[in-house]
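Raw run.cif, mmCIF, C-alpha atoms:
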```cif
data_my_file
loop_
_atom_site.group_PDB
_atom_site.id
_atom_site.type_symbol
_atom_site.label_atom_id
_atom_site.label_comp_id
_atom_site.auth_asym_id
_atom_site.auth_seq_id
_atom_site.Cartn_x
_atom_site.Cartn_y
_atom_site.Cartn_z
ATOM 1 C CA MET A 212 19.812 -101.661 65.898
ATOM 2 C CA ALA A 213 17.579 -101.888 62.804
ATOM 3 C CA ASN A 214 15.869 -104.942 64.295
ATOM 4 C CA ARG A 215 15.193 -103.079 67.539
ATOM 5 C CA ARG A 216 13.711 -100.124 65.649
ATOM 6 C CA LEU A 217 11.503 -102.536 63.662
ATOM 7 C CA LEU A 218 10.377 -104.236 66.874
ATOM 8 C CA VAL A 219 9.422 -100.912 68.500
ATOM 9 C CA LYS A 220 7.542 -99.932 65.336
ATOM 10 C CA ARG A 221 5.610 -103.187 65.349
ATOM 11 C CA LEU A 222 4.753 -102.848 69.055
ATOM 12 C CA LYS A 223 3.336 -99.378 68.368
ATOM 13 C CA ALA A 224 1.322 -100.748 65.456
ATOM 14 C CA VAL A 225 -0.102 -103.552 67.662
ATOM 15 C CA ARG A 226 -1.046 -101.024 70.376
ATOM 16 C CA ASN A 227 -2.759 -98.812 67.786
ATOM 17 C CA ILE A 228 -4.674 -101.781 66.382
ATOM 18 C CA ARG A 229 -5.740 -102.735 69.927
ATOM 19 C CA LYS A 230 -7.044 -99.188 70.555
ATOM 20 C CA ILE A 231 -8.928 -99.121 67.236
ATOM 21 C CA THR A 232 -10.421 -102.581 67.873
ATOM 22 C CA ARG A 233 -11.535 -101.536 71.371
ATOM 23 C CA THR A 234 -13.143 -98.371 69.982
ATOM 24 C CA MET A 235 -14.939 -100.381 67.294
ATOM 25 C CA GLU A 236 -16.136 -102.831 69.958
ATOM 26 C CA LEU A 237 -17.584 -99.988 72.062
ATOM 27 C CA ILE A 238 -19.347 -98.489 69.033
ATOM 28 C CA ALA A 239 -20.749 -101.901 68.026
ATOM 29 C CA THR A 240 -22.011 -102.522 71.590
ATOM 30 C CA SER A 241 -23.694 -99.121 71.655
ATOM 31 C CA ARG A 242 -25.345 -99.692 68.261
ATOM 32 C CA PHE A 243 -26.443 -103.195 69.261
ATOM 33 C CA LYS A 244 -28.053 -101.830 72.449
ATOM 34 C CA LYS A 245 -29.945 -99.151 70.475
ATOM 35 C CA ALA A 246 -31.056 -101.702 67.866
ATOM 36 C CA MET A 247 -32.193 -104.093 70.625
ATOM 37 C CA ASP A 248 -34.211 -101.344 72.320
ATOM 38 C CA ARG A 249 -35.899 -100.432 69.009
ATOM 39 C CA ALA A 250 -36.614 -104.082 68.188
ATOM 40 C CA THR A 251 -38.107 -104.765 71.621
ATOM 41 C CA GLU A 252 -40.354 -101.687 71.460
ATOM 42 C CA ALA A 253 -41.468 -102.501 67.902
ATOM 43 C CA ALA A 254 -42.148 -106.151 68.744
ATOM 44 C CA GLU A 255 -44.419 -105.255 71.670
ATOM 45 C CA TYR A 256 -46.257 -102.622 69.619
ATOM 46 C CA THR A 257 -46.749 -104.974 66.659
ATOM 47 C CA ARG A 258 -47.934 -107.819 68.892
ATOM 48 C CA LYS A 259 -50.529 -105.621 70.587
ATOM 49 C CA ILE A 260 -51.785 -104.140 67.312
ATOM 50 C CA SER A 261 -52.085 -107.655 65.833
ATOM 51 C CA GLU A 262 -54.065 -108.785 68.887
ATOM 52 C CA ILE A 263 -56.469 -105.825 68.703
ATOM 53 C CA VAL A 264 -56.988 -106.096 64.957
ATOM 54 C CA GLY A 265 -57.339 -109.870 65.166
ATOM 55 C CA ASP A 266 -59.966 -109.553 67.922
ATOM 56 C CA LEU A 267 -61.872 -107.010 65.827
ATOM 57 C CA GLY A 268 -61.770 -109.326 62.836
ATOM 58 C CA GLN A 269 -63.162 -112.265 64.841
ATOM 59 C CA ALA A 270 -65.718 -110.298 66.874
ATOM 60 C CA GLU A 271 -69.350 -110.404 65.857
ATOM 61 C CA LEU A 272 -69.699 -106.674 65.385
ATOM 62 C CA ARG A 273 -72.474 -104.915 63.496
ATOM 63 C CA PHE A 274 -70.174 -102.835 61.329
ATOM 64 C CA SER A 275 -68.137 -104.145 58.418
ATOM 65 C CA HIS A 276 -65.032 -102.871 56.686
ATOM 66 C CA PRO A 277 -63.563 -103.925 53.310
ATOM 67 C CA LEU A 278 -60.185 -104.722 54.902
ATOM 68 C CA LEU A 279 -61.798 -107.133 57.364
ATOM 69 C CA GLU A 280 -63.739 -109.010 54.700
ATOM 70 C CA LYS A 281 -62.209 -112.036 53.006
ATOM 71 C CA HIS A 282 -62.771 -112.125 49.251
ATOM 72 C CA ALA A 283 -64.912 -114.955 47.898
ATOM 73 C CA GLU A 284 -61.981 -116.312 45.872
ATOM 74 C CA GLU A 285 -58.225 -115.954 46.107
ATOM 75 C CA LYS A 286 -57.136 -115.344 42.533
ATOM 76 C CA ARG A 287 -54.534 -112.599 42.842
ATOM 77 C CA SER A 288 -52.049 -112.165 45.663
ATOM 78 C CA VAL A 289 -49.025 -110.070 46.577
ATOM 79 C CA MET A 290 -46.157 -111.392 48.665
ATOM 80 C CA LEU A 291 -43.624 -108.917 50.080
ATOM 81 C CA VAL A 292 -40.303 -110.438 51.172
ATOM 82 C CA LEU A 293 -38.257 -108.397 53.671
ATOM 83 C CA THR A 294 -34.497 -108.992 53.734
ATOM 84 C CA ALA A 295 -31.401 -106.967 54.633
ATOM 85 C CA ASN A 296 -29.375 -104.733 52.341
ATOM 86 C CA ARG A 297 -26.171 -106.170 53.794
ATOM 87 C CA GLY A 298 -24.929 -109.631 54.697
ATOM 88 C CA LEU A 299 -22.892 -110.789 57.710
ATOM 89 C CA CYS A 300 -26.019 -111.579 59.739
ATOM 90 C CA GLY A 301 -25.953 -115.361 59.928
ATOM 91 C CA GLY A 302 -29.025 -117.159 58.699
ATOM 92 C CA TYR A 303 -31.254 -114.060 58.888
ATOM 93 C CA ASN A 304 -31.692 -113.675 55.125
ATOM 94 C CA ALA A 305 -31.404 -117.361 54.164
ATOM 95 C CA SER A 306 -34.097 -118.443 56.621
ATOM 96 C CA VAL A 307 -36.710 -115.890 55.551
ATOM 97 C CA LEU A 308 -35.999 -116.560 51.866
ATOM 98 C CA ARG A 309 -36.510 -120.323 52.356
ATOM 99 C CA GLN A 310 -39.872 -119.643 54.012
ATOM 100 C CA ALA A 311 -40.883 -117.205 51.278
ATOM 101 C CA VAL A 312 -40.026 -119.555 48.398
ATOM 102 C CA ALA A 313 -41.912 -122.450 50.018
ATOM 103 C CA HIS A 314 -44.964 -120.230 50.607
ATOM 104 C CA LEU A 315 -44.806 -118.861 47.064
ATOM 105 C CA ARG A 316 -44.687 -122.393 45.652
ATOM 106 C CA GLY A 317 -47.667 -123.425 47.797
ATOM 107 C CA LEU A 318 -49.808 -120.486 46.615
ATOM 108 C CA ARG A 319 -48.969 -121.082 42.959
ATOM 109 C CA GLU A 320 -49.789 -124.785 43.276
ATOM 110 C CA ARG A 321 -53.253 -123.700 44.460
ATOM 111 C CA GLY A 322 -53.622 -121.630 41.282
ATOM 112 C CA VAL A 323 -53.143 -118.220 42.922
ATOM 113 C CA ASP A 324 -51.518 -115.595 40.677
ATOM 114 C CA VAL A 325 -48.799 -114.231 42.994
ATOM 115 C CA SER A 326 -46.993 -110.955 42.385
ATOM 116 C CA LEU A 327 -43.688 -111.115 44.264
ATOM 117 C CA GLU A 328 -42.109 -107.970 45.731
ATOM 118 C CA VAL A 329 -38.781 -107.907 47.538
ATOM 119 C CA SER A 330 -37.080 -105.445 49.853
ATOM 120 C CA GLY A 331 -33.328 -105.668 50.469
ATOM 121 C CA LYS A 332 -30.295 -106.334 48.293
ATOM 122 C CA ARG A 333 -29.791 -109.820 49.784
ATOM 123 C CA GLY A 334 -33.266 -110.910 48.702
ATOM 124 C CA ILE A 335 -32.897 -109.358 45.252
ATOM 125 C CA LYS A 336 -29.564 -111.124 44.726
ATOM 126 C CA PHE A 337 -31.013 -114.474 45.857
ATOM 127 C CA LEU A 338 -34.091 -114.237 43.623
ATOM 128 C CA ASN A 339 -31.959 -113.228 40.634
ATOM 129 C CA PHE A 340 -29.632 -116.188 41.265
ATOM 130 C CA GLN A 341 -32.611 -118.569 41.565
ATOM 131 C CA LYS A 342 -34.195 -116.986 38.463
ATOM 132 C CA ILE A 343 -37.406 -116.238 40.383
ATOM 133 C CA ALA A 344 -39.223 -113.288 38.823
ATOM 134 C CA TYR A 345 -40.406 -110.386 40.965
ATOM 135 C CA SER A 346 -42.478 -107.339 40.062
ATOM 136 C CA GLN A 347 -41.026 -104.735 42.476
ATOM 137 C CA ALA A 348 -37.711 -104.329 44.297
ATOM 138 C CA TYR A 349 -36.853 -101.874 47.089
ATOM 139 C CA THR A 350 -33.407 -101.036 48.477
ATOM 140 C CA HIS A 351 -34.115 -97.737 50.245
ATOM 141 C CA PHE A 352 -35.431 -99.186 53.530
ATOM 142 C CA GLU A 353 -32.672 -98.961 56.138
ATOM 143 C CA ASP A 354 -32.425 -99.360 59.943
ATOM 144 C CA LYS A 355 -34.539 -96.274 60.643
ATOM 145 C CA THR A 356 -37.303 -96.489 58.069
ATOM 146 C CA THR A 357 -39.749 -93.592 58.224
ATOM 147 C CA PHE A 358 -43.524 -93.872 58.385
ATOM 148 C CA ALA A 359 -43.804 -91.910 55.121
ATOM 149 C CA GLU A 360 -41.648 -94.485 53.289
ATOM 150 C CA VAL A 361 -43.751 -97.404 54.499
ATOM 151 C CA GLU A 362 -47.061 -95.572 53.967
ATOM 152 C CA VAL A 363 -46.474 -95.447 50.194
ATOM 153 C CA LEU A 364 -46.484 -99.258 50.028
ATOM 154 C CA ALA A 365 -49.223 -99.718 52.621
ATOM 155 C CA SER A 366 -51.586 -97.308 50.840
ATOM 156 C CA ARG A 367 -51.095 -99.099 47.529
ATOM 157 C CA TYR A 368 -51.797 -102.514 49.081
ATOM 158 C CA VAL A 369 -54.900 -101.219 50.877
ATOM 159 C CA ASP A 370 -56.238 -99.518 47.724
ATOM 160 C CA ASP A 371 -55.603 -102.649 45.633
ATOM 161 C CA TYR A 372 -57.346 -104.877 48.198
ATOM 162 C CA ILE A 373 -60.408 -102.630 48.508
ATOM 163 C CA ALA A 374 -60.656 -102.288 44.705
ATOM 164 C CA GLY A 375 -60.441 -106.081 44.312
ATOM 165 C CA ARG A 376 -57.184 -105.964 42.346
ATOM 166 C CA ILE A 377 -55.634 -108.305 44.932
ATOM 167 C CA ASP A 378 -57.294 -110.869 47.200
ATOM 168 C CA ARG A 379 -54.569 -111.246 49.818
ATOM 169 C CA LEU A 380 -51.264 -109.777 50.984
ATOM 170 C CA ASP A 381 -48.561 -111.900 52.612
ATOM 171 C CA VAL A 382 -45.362 -110.588 54.176
ATOM 172 C CA ALA A 383 -42.290 -112.795 54.736
ATOM 173 C CA TYR A 384 -40.038 -111.378 57.443
ATOM 174 C CA THR A 385 -38.007 -112.212 60.542
ATOM 175 C CA ARG A 386 -40.008 -111.764 63.733
ATOM 176 C CA PHE A 387 -37.948 -110.537 66.691
ATOM 177 C CA ILE A 388 -38.449 -112.633 69.815
ATOM 178 C CA SER A 389 -35.265 -111.921 71.782
ATOM 179 C CA SER A 390 -31.606 -111.095 71.133
ATOM 180 C CA SER A 391 -30.881 -114.816 70.834
ATOM 181 C CA LYS A 392 -34.045 -115.858 69.011
ATOM 182 C CA GLN A 393 -35.624 -114.595 65.809
ATOM 183 C CA LEU A 394 -38.241 -116.486 63.838
ATOM 184 C CA SER A 395 -38.769 -116.402 60.084
ATOM 185 C CA VAL A 396 -42.478 -116.179 59.305
ATOM 186 C CA VAL A 397 -44.900 -115.553 56.459
ATOM 187 C CA GLU A 398 -47.937 -113.644 57.725
ATOM 188 C CA THR A 399 -51.145 -112.832 55.900
ATOM 189 C CA ILE A 400 -51.735 -109.113 56.465
ATOM 190 C CA LEU A 401 -54.790 -108.669 54.240
ATOM 191 C CA PRO A 402 -57.546 -109.479 54.924
ATOM 192 C CA ILE A 403 -56.941 -108.058 58.393
ATOM 193 C CA SER A 404 -59.079 -110.784 60.010
ATOM 194 C CA SER A 405 -56.237 -113.209 59.169
ATOM 195 C CA LEU A 406 -54.130 -111.567 61.893
ATOM 196 C CA ALA A 407 -56.275 -113.214 64.570
ATOM 197 C CA GLY A 408 -54.012 -116.261 64.707
ATOM 198 C CA ALA A 409 -50.760 -114.372 64.111
ATOM 199 C CA GLY A 410 -48.276 -112.484 66.190
ATOM 200 C CA GLY A 411 -47.762 -115.057 68.948
#
```
Mind converting the file's structure to structure tokens?
Amino acid sequence: MANRRLLVKRLKAVRNIRKITRTMELIATSRFKKAMDRATEAAEYTRKISEIVGDLGQAELRFSHPLLEKHAEEKRSVMLVLTANRGLCGGYNASVLRQAVAHLRGLRERGVDVSLEVSGKRGIKFLNFQKIAYSQAYTHFEDKTTFAEVEVLASRYVDDYIAGRIDRLDVAYTRFISSSKQLSVVETILPISSLAGAGG
């Protein structure tokens, strides 16, 4: 009798677990769909902006702008590395960090003074483990980052470039191509004319 009661109890527990798992699956599917829609929209927008800005940078126009002009020498640079705050996303963080470290090494070998900035707890943890120094760390950027949050960084980079405090800005991130393909890249954002060959 006790065994039968135990068996019934376990069957109920299994059914409850099945219901919870199914609910979690539905929530995950819904979130994935929303994230995919956002990523697709952002990718198209970014690609088009890069094309327009790149064309402007390469065009023989009569006006000039400090952000389009390459500095005579590259002495000081900033590299921003974008990673996730959480793990469990395959090679997403590892791949972009490998690219970033290789790019950082290449710049320093050329004698460029690089100030490294990192966004995301995964990147911070990796750099600390590798004993690679960084000047700024950010953990407040989440899935739905606001324009105001990003503008603080963007304004500082733009001001520093125009004032000549930095000669280039590179960003290491994972470019969304499709749900099954993402590409780790390091893109030069400033000077803006460098975007001409990017964003493909």
Output check: residues returned by the PyMOL selection byres ((chain A and resi 305) around 12), as a PDB file with C-alpha atoms, in the coordinates of the input:
```
ATOM      1  CA  VAL A 292     -40.303-110.438  51.172  1.00  0.00           C
ATOM      2  CA  LEU A 293     -38.257-108.397  53.671  1.00  0.00           C
ATOM      3  CA  THR A 294     -34.497-108.992  53.734  1.00  0.00           C
ATOM      4  CA  ALA A 295     -31.401-106.967  54.633  1.00  0.00           C
ATOM      5  CA  GLY A 298     -24.929-109.631  54.697  1.00  0.00           C
ATOM      6  CA  LEU A 299     -22.892-110.789  57.710  1.00  0.00           C
ATOM      7  CA  CYS A 300     -26.019-111.579  59.739  1.00  0.00           C
ATOM      8  CA  GLY A 301     -25.953-115.361  59.928  1.00  0.00           C
ATOM      9  CA  GLY A 302     -29.025-117.159  58.699  1.00  0.00           C
ATOM     10  CA  TYR A 303     -31.254-114.060  58.888  1.00  0.00           C
ATOM     11  CA  ASN A 304     -31.692-113.675  55.125  1.00  0.00           C
ATOM     12  CA  SER A 306     -34.097-118.443  56.621  1.00  0.00           C
ATOM     13  CA  VAL A 307     -36.710-115.890  55.551  1.00  0.00           C
ATOM     14  CA  LEU A 308     -35.999-116.560  51.866  1.00  0.00           C
ATOM     15  CA  ARG A 309     -36.510-120.323  52.356  1.00  0.00           C
ATOM     16  CA  GLN A 310     -39.872-119.643  54.012  1.00  0.00           C
ATOM     17  CA  ALA A 311     -40.883-117.205  51.278  1.00  0.00           C
ATOM     18  CA  VAL A 312     -40.026-119.555  48.398  1.00  0.00           C
ATOM     19  CA  ARG A 333     -29.791-109.820  49.784  1.00  0.00           C
ATOM     20  CA  GLY A 334     -33.266-110.910  48.702  1.00  0.00           C
ATOM     21  CA  LYS A 336     -29.564-111.124  44.726  1.00  0.00           C
ATOM     22  CA  PHE A 337     -31.013-114.474  45.857  1.00  0.00           C
ATOM     23  CA  LEU A 338     -34.091-114.237  43.623  1.00  0.00           C
ATOM     24  CA  ALA A 383     -42.290-112.795  54.736  1.00  0.00           C
ATOM     25  CA  TYR A 384     -40.038-111.378  57.443  1.00  0.00           C
ATOM     26  CA  THR A 385     -38.007-112.212  60.542  1.00  0.00           C
ATOM     27  CA  LEU A 394     -38.241-116.486  63.838  1.00  0.00           C
ATOM     28  CA  SER A 395     -38.769-116.402  60.084  1.00  0.00           C
TER      29      SER A 395
END
```
Quiz item: Ile400 in chain A: which residues within 9 Å, counting all atoms listed in the file, same-chain residues fewer than 6 positions away excluded, as a VMD selection string?
Solution: chain A and resid 379 to 382 406
What residues come out when you apply the PyMOL selection byres ((chain A and resi 288) around 8) to this file, written as a PDB file with C-alpha atoms, in the coordinates of the input?
```pdb
ATOM      1  CA  GLU A 285     -58.225-115.954  46.107  1.00  0.00           C
ATOM      2  CA  LYS A 286     -57.136-115.344  42.533  1.00  0.00           C
ATOM      3  CA  ARG A 287     -54.534-112.599  42.842  1.00  0.00           C
ATOM      4  CA  VAL A 289     -49.025-110.070  46.577  1.00  0.00           C
ATOM      5  CA  MET A 290     -46.157-111.392  48.665  1.00  0.00           C
ATOM      6  CA  VAL A 323     -53.143-118.220  42.922  1.00  0.00           C
ATOM      7  CA  ASP A 324     -51.518-115.595  40.677  1.00  0.00           C
ATOM      8  CA  VAL A 325     -48.799-114.231  42.994  1.00  0.00           C
ATOM      9  CA  SER A 326     -46.993-110.955  42.385  1.00  0.00           C
ATOM     10  CA  ILE A 377     -55.634-108.305  44.932  1.00  0.00           C
ATOM     11  CA  ASP A 378     -57.294-110.869  47.200  1.00  0.00           C
ATOM     12  CA  ARG A 379     -54.569-111.246  49.818  1.00  0.00           C
ATOM     13  CA  LEU A 380     -51.264-109.777  50.984  1.00  0.00           C
ATOM     14  CA  ASP A 381     -48.561-111.900  52.612  1.00  0.00           C
TER      15      ASP A 381
END
```
Practice problem: Mind checking which residues fall within 12 Å of range 358-365 of chain A, counting all atoms listed in the file, ignoring those fewer than 2 positions away in the same chain, and posting them as a ChimeraX atom specification? | Solution: /A:289,291,328-330,347-353,355-356,367-372,380,382,400-401
Exercise. Please measure the separation of CA of Ile403 in chain A and CA of Gly375 in chain A, giving the value in Å to one decimal.
Key: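 Spanning CA of Ile403 in chain A to CA of Gly375 in chain A is a straight-line distance of 14.6 Å.
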Quiz prompt | Atomic distance CA of Ala313 in chain A - CA of Val397 in chain A, expressed in Å with one decimal | solution =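 These atoms are spaced 9.9 Å apart.
For the pair CA of Val219 in chain A and CA of Ile231 in chain A, the separation is 18.5 Å.
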